[in-house]
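Undergrad: Structure below; questions to follow.
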Amino acid sequence: MTHDVKTALIFGTDVLSAADIPNPGRDAQLLLAHAINTDATRLFLEPARIVSGKNWAKYQQHLNARAQSQPISQIIGGREFWGRWFKVTQDVLDPRPETETLIALALDAGPFKRILDLGCGTGILAITLAAEWGDCEVTAVDISVAALDITAQNADLNGVRNRIKIQHSNWFKDISGRYDLIISNPPYIAKHEMQNLSRDVKNWEPHLALTPGGDGLDAYRAIAKNLRQHLAPNGLGIFEIGFQQGASVSKIFESVGYEATISTDLSDHDRVVTVQS
């Protein structure tokens with residue numbers, strides 16, 4: 001039996017709807033596009049295009065995985081961030097669009113010569129800044145060896161591996177020297193909030209990258225404690241926060257002598273705290 005694109009999209013939407021997946025039509029579109037190796041926007045221009053048996057089987061595998069709430073980025077192997085493609089696995093946090101707010105703030109304030117990305121995960125922050133500023137030197141740090149491997153692969157993929165030092169460290173523990181920009185998207189979800197996360201996040205993403213436990217603020221306390229030793233004079237710190245954490249995180253950095261500023265994302269939620277040395 002052969003299937004065309006229109007039939008495949010209807011089938012996929014029904015499968016994902018039955019599994020209570022949000023936005024089933026959109027997800028079916030993205031998964032089908034990947035299965036037949038085309039751009040998702042072209043599907044509606046080619047409704048009669050035949051989906052081969054091999055590609056139909058791949059599409060069904062994609063749908064089955066998504067029906068189990070596996071994130072699309074893990075299923076298709078990656079996600080776009082700031083116009084570049086990044087590999088994504090279960091070992092790293094799925095990049096969020098709101099994290100682009102950190103890049104926008106950094107680019108507005110820069111360029112910076114020496115950059116430190118704390119808790120790099122996929123490497124989206126370190127790699128994007130290395131690609132945008134051709135003469136900067138970037139150090140990407142994570143406590144997860146698996147995450148560091150993904151950062152290295154993404155640095156290769158985006159042509160900046162030779163300008164990124166990848167280092168294993170628990171925040172500043174094994175870091176020396178000073179940096180003009182220190183940037184981080186640390187785990188900030190409070191322990192009691194974990195149970196309310198979507199199945200995509202709770203069941204498929206590494207909890208180490210999501211929560212430090214407790215009130216969700218321990219990463220900021222650890223960074224603030226040693227920031228003075230590593231942020232250069234006139235340097236800038238840029239840190240992603242939860243949308244309700246602006247005041248709490250600002251107080252943590254102000255308690256060690258920094259001036260803190262809260263910035264919002266495109267949805268007008270508090271998303272970033274910046275500190276100036």
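Each chain in the structure tokens gets a letter, A, B, ..., in the order shown, and its residues are numbered from 1; ligands are numbered from 1 in order too.
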Enumerate as an mmCIF file with N, CA, C and O atoms, in the first residue's frame all residues of stretch 54-258 of chain A assigned to alpha helix (DSSP H) by DSSP on the backbone, naming them with the chain letters and numbers the document uses.
TA:
data_model
loop_
_atom_site.group_PDB
_atom_site.id
_atom_site.type_symbol
_atom_site.label_atom_id
_atom_site.label_comp_id
_atom_site.auth_asym_id
_atom_site.auth_seq_id
_atom_site.Cartn_x
_atom_site.Cartn_y
_atom_site.Cartn_z
ATOM 1 N N LYS A 54 10.215 2.613 2.602
ATOM 2 C CA LYS A 54 11.297 2.803 3.568
ATOM 3 C C LYS A 54 11.057 4.057 4.410
ATOM 4 O O LYS A 54 11.222 4.047 5.639
ATOM 5 N N ASN A 55 10.641 5.119 3.746
ATOM 6 C CA ASN A 55 10.400 6.365 4.469
ATOM 7 C C ASN A 55 9.144 6.288 5.332
ATOM 8 O O ASN A 55 9.070 6.914 6.393
ATOM 9 N N TRP A 56 8.157 5.514 4.877
ATOM 10 C CA TRP A 56 6.955 5.311 5.694
ATOM 11 C C TRP A 56 7.301 4.589 6.990
ATOM 12 O O TRP A 56 6.810 4.947 8.057
ATOM 13 N N ALA A 57 8.155 3.580 6.895
ATOM 14 C CA ALA A 57 8.580 2.844 8.088
ATOM 15 C C ALA A 57 9.331 3.768 9.046
ATOM 16 O O ALA A 57 9.138 3.705 10.270
ATOM 17 N N LYS A 58 10.173 4.643 8.490
ATOM 18 C CA LYS A 58 10.916 5.600 9.319
ATOM 19 C C LYS A 58 9.957 6.576 10.001
ATOM 20 O O LYS A 58 10.104 6.897 11.198
ATOM 21 N N TYR A 59 8.971 7.019 9.250
ATOM 22 C CA TYR A 59 7.966 7.942 9.784
ATOM 23 C C TYR A 59 7.193 7.287 10.925
ATOM 24 O O TYR A 59 6.966 7.912 11.979
ATOM 25 N N GLN A 60 6.822 6.037 10.760
ATOM 26 C CA GLN A 60 6.111 5.338 11.821
ATOM 27 C C GLN A 60 6.970 5.200 13.085
ATOM 28 O O GLN A 60 6.462 5.333 14.199
ATOM 29 N N GLN A 61 8.259 4.949 12.901
ATOM 30 C CA GLN A 61 9.169 4.894 14.045
ATOM 31 C C GLN A 61 9.201 6.243 14.761
ATOM 32 O O GLN A 61 9.167 6.306 16.005
ATOM 33 N N HIS A 62 9.267 7.302 13.971
ATOM 34 C CA HIS A 62 9.255 8.654 14.544
ATOM 35 C C HIS A 62 7.969 8.888 15.343
ATOM 36 O O HIS A 62 7.994 9.425 16.461
ATOM 37 N N LEU A 63 6.848 8.521 14.766
ATOM 38 C CA LEU A 63 5.557 8.729 15.437
ATOM 39 C C LEU A 63 5.461 7.933 16.729
ATOM 40 O O LEU A 63 4.964 8.436 17.748
ATOM 41 N N ASN A 64 5.936 6.696 16.691
ATOM 42 C CA ASN A 64 5.894 5.866 17.900
ATOM 43 C C ASN A 64 6.733 6.479 19.023
ATOM 44 O O ASN A 64 6.342 6.461 20.189
ATOM 45 N N ALA A 65 7.886 7.012 18.651
ATOM 46 C CA ALA A 65 8.748 7.652 19.649
ATOM 47 C C ALA A 65 8.080 8.906 20.212
ATOM 48 O O ALA A 65 8.077 9.141 21.427
ATOM 49 N N ARG A 66 7.488 9.704 19.327
ATOM 50 C CA ARG A 66 6.832 10.936 19.789
ATOM 51 C C ARG A 66 5.610 10.615 20.639
ATOM 52 O O ARG A 66 5.291 11.349 21.598
ATOM 53 N N ALA A 67 4.928 9.528 20.325
ATOM 54 C CA ALA A 67 3.769 9.117 21.119
ATOM 55 C C ALA A 67 4.162 8.755 22.543
ATOM 56 O O ALA A 67 3.328 8.793 23.454
ATOM 57 N N ILE A 72 11.018 15.950 19.907
ATOM 58 C CA ILE A 72 11.300 15.867 18.474
ATOM 59 C C ILE A 72 12.786 16.033 18.187
ATOM 60 O O ILE A 72 13.345 15.357 17.328
ATOM 61 N N SER A 73 13.454 16.917 18.908
ATOM 62 C CA SER A 73 14.881 17.138 18.653
ATOM 63 C C SER A 73 15.684 15.862 18.881
ATOM 64 O O SER A 73 16.668 15.611 18.166
ATOM 65 N N GLN A 74 15.302 15.051 19.859
ATOM 66 C CA GLN A 74 15.983 13.780 20.084
ATOM 67 C C GLN A 74 15.656 12.782 18.974
ATOM 68 O O GLN A 74 16.512 12.013 18.535
ATOM 69 N N ILE A 75 14.421 12.787 18.517
ATOM 70 C CA ILE A 75 14.000 11.841 17.483
ATOM 71 C C ILE A 75 14.715 12.114 16.166
ATOM 72 O O ILE A 75 15.221 11.198 15.511
ATOM 73 N N ILE A 76 14.771 13.372 15.767
ATOM 74 C CA ILE A 76 15.390 13.698 14.484
ATOM 75 C C ILE A 76 16.883 14.006 14.628
ATOM 76 O O ILE A 76 17.584 14.192 13.634
ATOM 77 N N GLU A 100 17.954 32.043 23.369
ATOM 78 C CA GLU A 100 18.544 32.970 22.403
ATOM 79 C C GLU A 100 18.628 34.382 22.969
ATOM 80 O O GLU A 100 19.406 35.213 22.489
ATOM 81 N N THR A 101 17.831 34.663 24.019
ATOM 82 C CA THR A 101 17.899 35.967 24.683
ATOM 83 C C THR A 101 19.302 36.232 25.217
ATOM 84 O O THR A 101 19.798 37.368 25.165
ATOM 85 N N LEU A 102 19.971 35.197 25.717
ATOM 86 C CA LEU A 102 21.336 35.351 26.232
ATOM 87 C C LEU A 102 22.289 35.759 25.111
ATOM 88 O O LEU A 102 23.158 36.615 25.303
ATOM 89 N N ILE A 103 22.122 35.134 23.948
ATOM 90 C CA ILE A 103 22.983 35.460 22.801
ATOM 91 C C ILE A 103 22.756 36.896 22.357
ATOM 92 O O ILE A 103 23.706 37.645 22.099
ATOM 93 N N ALA A 104 21.494 37.297 22.278
ATOM 94 C CA ALA A 104 21.184 38.665 21.851
ATOM 95 C C ALA A 104 21.816 39.690 22.792
ATOM 96 O O ALA A 104 22.399 40.688 22.340
ATOM 97 N N LEU A 105 21.733 39.446 24.098
ATOM 98 C CA LEU A 105 22.328 40.367 25.066
ATOM 99 C C LEU A 105 23.847 40.397 24.953
ATOM 100 O O LEU A 105 24.472 41.462 25.033
ATOM 101 N N ALA A 106 24.451 39.228 24.750
ATOM 102 C CA ALA A 106 25.908 39.165 24.620
ATOM 103 C C ALA A 106 26.382 39.913 23.373
ATOM 104 O O ALA A 106 27.352 40.682 23.426
ATOM 105 N N LEU A 107 25.691 39.695 22.256
ATOM 106 C CA LEU A 107 26.088 40.358 21.011
ATOM 107 C C LEU A 107 25.914 41.869 21.100
ATOM 108 O O LEU A 107 26.717 42.626 20.553
ATOM 109 N N ASP A 108 24.878 42.304 21.806
ATOM 110 C CA ASP A 108 24.666 43.745 21.985
ATOM 111 C C ASP A 108 25.776 44.375 22.822
ATOM 112 O O ASP A 108 26.159 45.528 22.598
ATOM 113 N N ALA A 109 26.286 43.627 23.788
ATOM 114 C CA ALA A 109 27.283 44.164 24.717
ATOM 115 C C ALA A 109 28.713 43.985 24.217
ATOM 116 O O ALA A 109 29.612 44.689 24.666
ATOM 117 N N ILE A 124 25.478 25.256 22.814
ATOM 118 C CA ILE A 124 24.868 26.285 21.973
ATOM 119 C C ILE A 124 25.394 27.685 22.253
ATOM 120 O O ILE A 124 25.587 28.472 21.324
ATOM 121 N N LEU A 125 25.647 28.009 23.525
ATOM 122 C CA LEU A 125 26.113 29.359 23.847
ATOM 123 C C LEU A 125 27.563 29.552 23.413
ATOM 124 O O LEU A 125 27.902 30.510 22.712
ATOM 125 N N ALA A 126 28.425 28.623 23.813
ATOM 126 C CA ALA A 126 29.844 28.724 23.471
ATOM 127 C C ALA A 126 30.058 28.726 21.970
ATOM 128 O O ALA A 126 30.818 29.540 21.421
ATOM 129 N N ILE A 127 29.396 27.819 21.280
ATOM 130 C CA ILE A 127 29.599 27.657 19.838
ATOM 131 C C ILE A 127 29.023 28.835 19.055
ATOM 132 O O ILE A 127 29.657 29.338 18.119
ATOM 133 N N THR A 128 27.838 29.296 19.454
ATOM 134 C CA THR A 128 27.239 30.440 18.755
ATOM 135 C C THR A 128 28.111 31.682 18.884
ATOM 136 O O THR A 128 28.354 32.393 17.896
ATOM 137 N N LEU A 129 28.629 31.940 20.092
ATOM 138 C CA LEU A 129 29.467 33.128 20.269
ATOM 139 C C LEU A 129 30.796 32.979 19.537
ATOM 140 O O LEU A 129 31.308 33.951 18.948
ATOM 141 N N ALA A 130 31.364 31.774 19.532
ATOM 142 C CA ALA A 130 32.604 31.541 18.786
ATOM 143 C C ALA A 130 32.385 31.771 17.294
ATOM 144 O O ALA A 130 33.253 32.314 16.596
ATOM 145 N N ALA A 131 31.222 31.375 16.803
ATOM 146 C CA ALA A 131 30.919 31.553 15.380
ATOM 147 C C ALA A 131 30.631 33.016 15.039
ATOM 148 O O ALA A 131 30.990 33.491 13.948
ATOM 149 N N GLU A 132 30.000 33.736 15.962
ATOM 150 C CA GLU A 132 29.656 35.140 15.705
ATOM 151 C C GLU A 132 30.863 36.066 15.829
ATOM 152 O O GLU A 132 30.962 37.065 15.119
ATOM 153 N N VAL A 145 30.423 14.408 31.411
ATOM 154 C CA VAL A 145 31.354 14.020 30.342
ATOM 155 C C VAL A 145 30.590 13.793 29.040
ATOM 156 O O VAL A 145 31.062 14.142 27.956
ATOM 157 N N ALA A 146 29.390 13.205 29.138
ATOM 158 C CA ALA A 146 28.574 12.967 27.947
ATOM 159 C C ALA A 146 28.193 14.287 27.274
ATOM 160 O O ALA A 146 28.202 14.392 26.038
ATOM 161 N N ALA A 147 27.871 15.300 28.076
ATOM 162 C CA ALA A 147 27.536 16.610 27.516
ATOM 163 C C ALA A 147 28.742 17.232 26.826
ATOM 164 O O ALA A 147 28.618 17.835 25.753
ATOM 165 N N LEU A 148 29.917 17.089 27.416
ATOM 166 C CA LEU A 148 31.130 17.634 26.796
ATOM 167 C C LEU A 148 31.393 16.989 25.441
ATOM 168 O O LEU A 148 31.864 17.648 24.508
ATOM 169 N N ASP A 149 31.083 15.710 25.319
ATOM 170 C CA ASP A 149 31.250 15.028 24.035
ATOM 171 C C ASP A 149 30.297 15.606 22.988
ATOM 172 O O ASP A 149 30.690 15.805 21.826
ATOM 173 N N ILE A 150 29.067 15.907 23.393
ATOM 174 C CA ILE A 150 28.109 16.518 22.462
ATOM 175 C C ILE A 150 28.566 17.920 22.075
ATOM 176 O O ILE A 150 28.465 18.320 20.908
ATOM 177 N N THR A 151 29.090 18.684 23.039
ATOM 178 C CA THR A 151 29.617 20.013 22.720
ATOM 179 C C THR A 151 30.734 19.909 21.690
ATOM 180 O O THR A 151 30.786 20.697 20.731
ATOM 181 N N ALA A 152 31.623 18.947 21.866
ATOM 182 C CA ALA A 152 32.728 18.772 20.914
ATOM 183 C C ALA A 152 32.198 18.436 19.522
ATOM 184 O O ALA A 152 32.671 18.982 18.507
ATOM 185 N N GLN A 153 31.212 17.553 19.461
ATOM 186 C CA GLN A 153 30.634 17.190 18.159
ATOM 187 C C GLN A 153 29.963 18.396 17.508
ATOM 188 O O GLN A 153 30.090 18.606 16.289
ATOM 189 N N ASN A 154 29.258 19.199 18.300
ATOM 190 C CA ASN A 154 28.591 20.376 17.751
ATOM 191 C C ASN A 154 29.586 21.454 17.338
ATOM 192 O O ASN A 154 29.351 22.191 16.376
ATOM 193 N N ALA A 155 30.685 21.545 18.059
ATOM 194 C CA ALA A 155 31.735 22.499 17.666
ATOM 195 C C ALA A 155 32.331 22.091 16.322
ATOM 196 O O ALA A 155 32.584 22.945 15.455
ATOM 197 N N ASP A 156 32.553 20.795 16.131
ATOM 198 C CA ASP A 156 33.019 20.294 14.832
ATOM 199 C C ASP A 156 31.995 20.594 13.743
ATOM 200 O O ASP A 156 32.336 21.054 12.647
ATOM 201 N N LEU A 157 30.753 20.317 14.045
ATOM 202 C CA LEU A 157 29.667 20.495 13.083
ATOM 203 C C LEU A 157 29.559 21.939 12.610
ATOM 204 O O LEU A 157 29.239 22.207 11.446
ATOM 205 N N ARG A 199 5.783 15.705 30.105
ATOM 206 C CA ARG A 199 6.392 14.389 29.966
ATOM 207 C C ARG A 199 7.650 14.450 29.100
ATOM 208 O O ARG A 199 8.615 13.726 29.341
ATOM 209 N N ASP A 200 7.639 15.314 28.081
ATOM 210 C CA ASP A 200 8.806 15.469 27.206
ATOM 211 C C ASP A 200 10.066 15.763 28.019
ATOM 212 O O ASP A 200 11.130 15.187 27.783
ATOM 213 N N VAL A 201 9.906 16.678 28.967
ATOM 214 C CA VAL A 201 11.046 17.126 29.761
ATOM 215 C C VAL A 201 11.345 16.155 30.897
ATOM 216 O O VAL A 201 12.479 15.688 31.062
ATOM 217 N N LYS A 202 10.333 15.840 31.667
ATOM 218 C CA LYS A 202 10.525 15.037 32.876
ATOM 219 C C LYS A 202 11.053 13.637 32.578
ATOM 220 O O LYS A 202 11.897 13.107 33.304
ATOM 221 N N ASN A 203 10.576 13.020 31.477
ATOM 222 C CA ASN A 203 10.932 11.632 31.184
ATOM 223 C C ASN A 203 12.112 11.463 30.243
ATOM 224 O O ASN A 203 12.647 10.360 30.125
ATOM 225 N N TRP A 204 12.522 12.562 29.578
ATOM 226 C CA TRP A 204 13.508 12.380 28.511
ATOM 227 C C TRP A 204 14.752 13.241 28.637
ATOM 228 O O TRP A 204 15.765 12.962 28.002
ATOM 229 N N HIS A 207 17.999 15.141 34.300
ATOM 230 C CA HIS A 207 17.595 15.915 35.470
ATOM 231 C C HIS A 207 18.746 16.761 36.009
ATOM 232 O O HIS A 207 18.512 17.819 36.602
ATOM 233 N N LEU A 208 19.968 16.316 35.793
ATOM 234 C CA LEU A 208 21.138 17.086 36.230
ATOM 235 C C LEU A 208 21.161 18.466 35.583
ATOM 236 O O LEU A 208 21.627 19.439 36.193
ATOM 237 N N ALA A 209 20.662 18.557 34.354
ATOM 238 C CA ALA A 209 20.651 19.830 33.634
ATOM 239 C C ALA A 209 19.398 20.647 33.916
ATOM 240 O O ALA A 209 19.313 21.809 33.499
ATOM 241 N N LEU A 210 18.450 20.058 34.618
ATOM 242 C CA LEU A 210 17.185 20.725 34.871
ATOM 243 C C LEU A 210 17.083 21.319 36.276
ATOM 244 O O LEU A 210 16.574 22.423 36.455
ATOM 245 N N ASP A 218 20.726 26.912 43.793
ATOM 246 C CA ASP A 218 22.075 26.544 44.225
ATOM 247 C C ASP A 218 23.147 26.832 43.172
ATOM 248 O O ASP A 218 24.287 27.161 43.517
ATOM 249 N N ALA A 219 22.818 26.693 41.901
ATOM 250 C CA ALA A 219 23.816 26.966 40.855
ATOM 251 C C ALA A 219 24.245 28.433 40.893
ATOM 252 O O ALA A 219 25.433 28.745 40.754
ATOM 253 N N TYR A 220 23.294 29.328 41.099
ATOM 254 C CA TYR A 220 23.626 30.752 41.163
ATOM 255 C C TYR A 220 24.478 31.055 42.392
ATOM 256 O O TYR A 220 25.392 31.890 42.334
ATOM 257 N N ARG A 221 24.187 30.389 43.493
ATOM 258 C CA ARG A 221 24.998 30.581 44.704
ATOM 259 C C ARG A 221 26.440 30.119 44.456
ATOM 260 O O ARG A 221 27.398 30.801 44.866
ATOM 261 N N ALA A 222 26.591 28.972 43.789
ATOM 262 C CA ALA A 222 27.927 28.450 43.507
ATOM 263 C C ALA A 222 28.693 29.369 42.560
ATOM 264 O O ALA A 222 29.890 29.611 42.742
ATOM 265 N N ILE A 223 28.004 29.898 41.548
ATOM 266 C CA ILE A 223 28.650 30.803 40.592
ATOM 267 C C ILE A 223 29.016 32.114 41.273
ATOM 268 O O ILE A 223 30.139 32.618 41.127
ATOM 269 N N ALA A 224 28.089 32.683 42.029
ATOM 270 C CA ALA A 224 28.337 33.971 42.689
ATOM 271 C C ALA A 224 29.504 33.887 43.668
ATOM 272 O O ALA A 224 30.300 34.836 43.787
ATOM 273 N N LYS A 225 29.621 32.768 44.350
ATOM 274 C CA LYS A 225 30.657 32.601 45.377
ATOM 275 C C LYS A 225 32.052 32.820 44.817
ATOM 276 O O LYS A 225 32.928 33.379 45.488
ATOM 277 N N ASN A 226 32.279 32.392 43.568
ATOM 278 C CA ASN A 226 33.630 32.467 42.984
ATOM 279 C C ASN A 226 33.726 33.386 41.770
ATOM 280 O O ASN A 226 34.751 33.399 41.092
ATOM 281 N N LEU A 227 32.663 34.133 41.522
ATOM 282 C CA LEU A 227 32.651 34.965 40.317
ATOM 283 C C LEU A 227 33.735 36.035 40.338
ATOM 284 O O LEU A 227 34.356 36.330 39.310
ATOM 285 N N ARG A 228 33.995 36.607 41.513
ATOM 286 C CA ARG A 228 34.975 37.690 41.625
ATOM 287 C C ARG A 228 36.362 37.244 41.163
ATOM 288 O O ARG A 228 37.114 38.029 40.597
ATOM 289 N N GLN A 229 36.689 35.978 41.378
ATOM 290 C CA GLN A 229 38.006 35.471 41.000
ATOM 291 C C GLN A 229 38.157 35.298 39.492
ATOM 292 O O GLN A 229 39.273 35.251 38.982
ATOM 293 N N HIS A 230 37.032 35.199 38.776
ATOM 294 C CA HIS A 230 37.122 34.788 37.373
ATOM 295 C C HIS A 230 36.534 35.782 36.367
ATOM 296 O O HIS A 230 36.800 35.661 35.170
ATOM 297 N N GLY A 246 13.800 36.294 39.075
ATOM 298 C CA GLY A 246 14.575 37.513 38.856
ATOM 299 C C GLY A 246 15.058 38.166 40.139
ATOM 300 O O GLY A 246 16.248 38.444 40.313
ATOM 301 N N ALA A 247 14.159 38.403 41.069
ATOM 302 C CA ALA A 247 14.517 39.091 42.311
ATOM 303 C C ALA A 247 15.463 38.244 43.153
ATOM 304 O O ALA A 247 16.460 38.756 43.695
ATOM 305 N N SER A 248 15.190 36.942 43.258
ATOM 306 C CA SER A 248 16.018 36.055 44.088
ATOM 307 C C SER A 248 17.433 35.940 43.557
ATOM 308 O O SER A 248 18.412 36.016 44.317
ATOM 309 N N VAL A 249 17.567 35.770 42.235
ATOM 310 C CA VAL A 249 18.904 35.623 41.646
ATOM 311 C C VAL A 249 19.658 36.948 41.716
ATOM 312 O O VAL A 249 20.862 36.978 41.994
ATOM 313 N N SER A 250 18.962 38.047 41.497
ATOM 314 C CA SER A 250 19.611 39.361 41.603
ATOM 315 C C SER A 250 20.195 39.568 42.993
ATOM 316 O O SER A 250 21.330 40.045 43.153
ATOM 317 N N LYS A 251 19.445 39.181 44.025
ATOM 318 C CA LYS A 251 19.922 39.344 45.404
ATOM 319 C C LYS A 251 21.173 38.511 45.665
ATOM 320 O O LYS A 251 22.077 38.940 46.395
ATOM 321 N N ILE A 252 21.227 37.325 45.073
ATOM 322 C CA ILE A 252 22.403 36.466 45.262
ATOM 323 C C ILE A 252 23.655 37.155 44.731
ATOM 324 O O ILE A 252 24.703 37.178 45.403
ATOM 325 N N PHE A 253 23.570 37.737 43.544
ATOM 326 C CA PHE A 253 24.742 38.407 42.974
ATOM 327 C C PHE A 253 25.009 39.756 43.640
ATOM 328 O O PHE A 253 26.173 40.152 43.806
ATOM 329 N N GLU A 254 23.972 40.446 44.033
ATOM 330 C CA GLU A 254 24.164 41.722 44.735
ATOM 331 C C GLU A 254 24.808 41.509 46.097
ATOM 332 O O GLU A 254 25.570 42.373 46.575
#
Undergrad: Where in stretch 24-180 of chain A does DSSP assign strand (DSSP E), given as a PyMOL selection string?
TA: chain A and resi 50-51+78-81+84-87+114-118+137-142+164-168+179-180
Undergrad: Keeping only N, CA, C and O atoms, write the selected residues as a tab-separated table (two decimals), in the first residue's frame.
TA:
chain	number	residue	atom	x	y	z
A	50	ILE	N	4.45	10.83	-3.13
A	50	ILE	CA	4.38	9.49	-2.56
A	50	ILE	C	5.49	9.30	-1.53
A	50	ILE	O	6.64	9.67	-1.75
A	51	VAL	N	5.12	8.75	-0.39
A	51	VAL	CA	6.08	8.40	0.65
A	51	VAL	C	6.49	6.94	0.43
A	51	VAL	O	5.64	6.04	0.49
A	78	GLY	N	18.48	16.57	16.36
A	78	GLY	CA	19.02	17.90	16.57
A	78	GLY	C	17.98	18.99	16.51
A	78	GLY	O	16.78	18.73	16.34
A	79	ARG	N	18.45	20.21	16.66
A	79	ARG	CA	17.58	21.39	16.65
A	79	ARG	C	18.37	22.59	16.14
A	79	ARG	O	19.59	22.69	16.33
A	80	GLU	N	17.66	23.52	15.54
A	80	GLU	CA	18.28	24.77	15.11
A	80	GLU	C	18.28	25.77	16.26
A	80	GLU	O	17.31	25.87	17.02
A	81	PHE	N	19.40	26.49	16.40
A	81	PHE	CA	19.51	27.54	17.42
A	81	PHE	C	20.33	28.67	16.82
A	81	PHE	O	21.46	28.44	16.35
A	84	ARG	N	21.80	27.97	13.42
A	84	ARG	CA	22.76	26.87	13.23
A	84	ARG	C	22.16	25.58	13.77
A	84	ARG	O	21.31	25.59	14.65
A	85	TRP	N	22.66	24.46	13.25
A	85	TRP	CA	22.14	23.15	13.64
A	85	TRP	C	23.00	22.53	14.73
A	85	TRP	O	24.23	22.54	14.64
A	86	PHE	N	22.34	22.01	15.77
A	86	PHE	CA	23.03	21.40	16.89
A	86	PHE	C	22.50	20.00	17.14
A	86	PHE	O	21.28	19.79	17.19
A	87	LYS	N	23.41	19.06	17.32
A	87	LYS	CA	23.02	17.70	17.68
A	87	LYS	C	22.46	17.69	19.10
A	87	LYS	O	22.99	18.34	20.00
A	114	ARG	N	37.70	36.88	25.77
A	114	ARG	CA	37.78	35.60	26.49
A	114	ARG	C	36.41	35.30	27.10
A	114	ARG	O	35.88	36.09	27.88
A	115	ILE	N	35.88	34.14	26.76
A	115	ILE	CA	34.51	33.78	27.14
A	115	ILE	C	34.50	32.44	27.85
A	115	ILE	O	35.20	31.50	27.45
A	116	LEU	N	33.69	32.35	28.91
A	116	LEU	CA	33.51	31.10	29.64
A	116	LEU	C	32.03	30.75	29.64
A	116	LEU	O	31.20	31.54	30.06
A	117	ASP	N	31.71	29.54	29.17
A	117	ASP	CA	30.35	29.02	29.20
A	117	ASP	C	30.28	27.95	30.27
A	117	ASP	O	30.88	26.88	30.14
A	118	LEU	N	29.57	28.25	31.35
A	118	LEU	CA	29.46	27.33	32.49
A	118	LEU	C	28.23	26.43	32.33
A	118	LEU	O	27.11	26.92	32.23
A	137	GLU	N	38.19	33.67	22.22
A	137	GLU	CA	38.63	32.38	22.75
A	137	GLU	C	37.58	31.93	23.76
A	137	GLU	O	37.26	32.65	24.70
A	138	VAL	N	37.07	30.72	23.58
A	138	VAL	CA	35.95	30.26	24.38
A	138	VAL	C	36.33	28.99	25.15
A	138	VAL	O	36.93	28.07	24.58
A	139	THR	N	35.97	28.96	26.42
A	139	THR	CA	36.10	27.75	27.23
A	139	THR	C	34.69	27.27	27.58
A	139	THR	O	33.88	28.05	28.09
A	140	ALA	N	34.41	26.01	27.29
A	140	ALA	CA	33.10	25.42	27.57
A	140	ALA	C	33.27	24.36	28.64
A	140	ALA	O	34.08	23.45	28.52
A	141	VAL	N	32.48	24.49	29.70
A	141	VAL	CA	32.65	23.66	30.90
A	141	VAL	C	31.34	22.93	31.22
A	141	VAL	O	30.25	23.50	31.11
A	142	ASP	N	31.46	21.67	31.63
A	142	ASP	CA	30.30	20.95	32.13
A	142	ASP	C	30.76	19.86	33.09
A	142	ASP	O	31.90	19.37	32.98
A	164	ILE	N	37.53	26.45	20.66
A	164	ILE	CA	36.82	26.17	21.90
A	164	ILE	C	37.59	25.15	22.73
A	164	ILE	O	37.86	24.05	22.27
A	165	LYS	N	37.93	25.56	23.93
A	165	LYS	CA	38.54	24.64	24.90
A	165	LYS	C	37.41	23.99	25.68
A	165	LYS	O	36.58	24.67	26.27
A	166	ILE	N	37.37	22.67	25.66
A	166	ILE	CA	36.31	21.93	26.35
A	166	ILE	C	36.89	21.30	27.60
A	166	ILE	O	37.87	20.55	27.53
A	167	GLN	N	36.30	21.61	28.75
A	167	GLN	CA	36.90	21.23	30.02
A	167	GLN	C	35.87	20.68	30.99
A	167	GLN	O	34.77	21.23	31.15
A	168	HIS	N	36.23	19.61	31.67
A	168	HIS	CA	35.37	19.03	32.70
A	168	HIS	C	35.57	19.79	34.01
A	168	HIS	O	36.69	19.96	34.49
A	179	TYR	N	37.87	35.98	32.74
A	179	TYR	CA	37.15	36.01	31.47
A	179	TYR	C	36.38	37.33	31.35
A	179	TYR	O	35.87	37.86	32.33
A	180	ASP	N	36.30	37.81	30.11
A	180	ASP	CA	35.58	39.06	29.85
A	180	ASP	C	34.07	38.86	29.86
A	180	ASP	O	33.31	39.77	30.18
Undergrad: Give me, please, the distance in Å between atom CA of A:Ile10 and atom CA of A:Asn23, quoted to one decimal.
TA: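 So the two atoms, atom CA of A:Ile10 and atom CA of A:Asn23, lie 13.1 Å apart.
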Undergrad: Could you give me, as a ChimeraX atom specification, the residues within 7 Å of A:Gln276, counting only C-alpha atoms and dropping anything in the same chain fewer than 5 positions from it?
TA: /A:234-237,258-259
Undergrad: Find the residues near A:Arg49: any atom within 12 Å, counting only C-alpha atoms, skip ones fewer than 6 places away on the same chain, and give them as a list in words.
TA: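 These residues fall inside the cut-off: Thr2, His3, Asp4, Val5, Lys6, Thr7, Ala8, Leu9, Leu32, Ala33, Ile36, Thr38, Arg42 and Leu43 of chain A.
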Undergrad: So which residues touch A:Ile189 within 9 Å, counting only C-alpha atoms, skipping near sequence neighbours fewer than 5 positions away, as a CSV table (one decimal) with C-alpha atoms, in the first residue's frame?
TA:
chain,number,residue,atom,x,y,z
A,194,MET,CA,9.8,18.8,38.8
A,210,LEU,CA,17.2,20.7,34.9
A,211,THR,CA,17.3,21.0,38.7
A,212,PRO,CA,19.9,21.4,41.4
A,213,GLY,CA,17.2,20.3,43.9
A,214,GLY,CA,16.0,22.4,46.8
A,215,ASP,CA,14.8,25.9,45.8
A,216,GLY,CA,16.5,25.8,42.4
A,217,LEU,CA,19.0,28.5,43.2
A,242,GLY,CA,13.4,30.9,35.7
Undergrad: May I ask for the distance between atom CA of A:Pro111 and atom CA of A:Ile262, given in Å to one decimal place?
TA: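 Straight-line distance from atom CA of A:Pro111 to atom CA of A:Ile262 works out to 20.6 Å.
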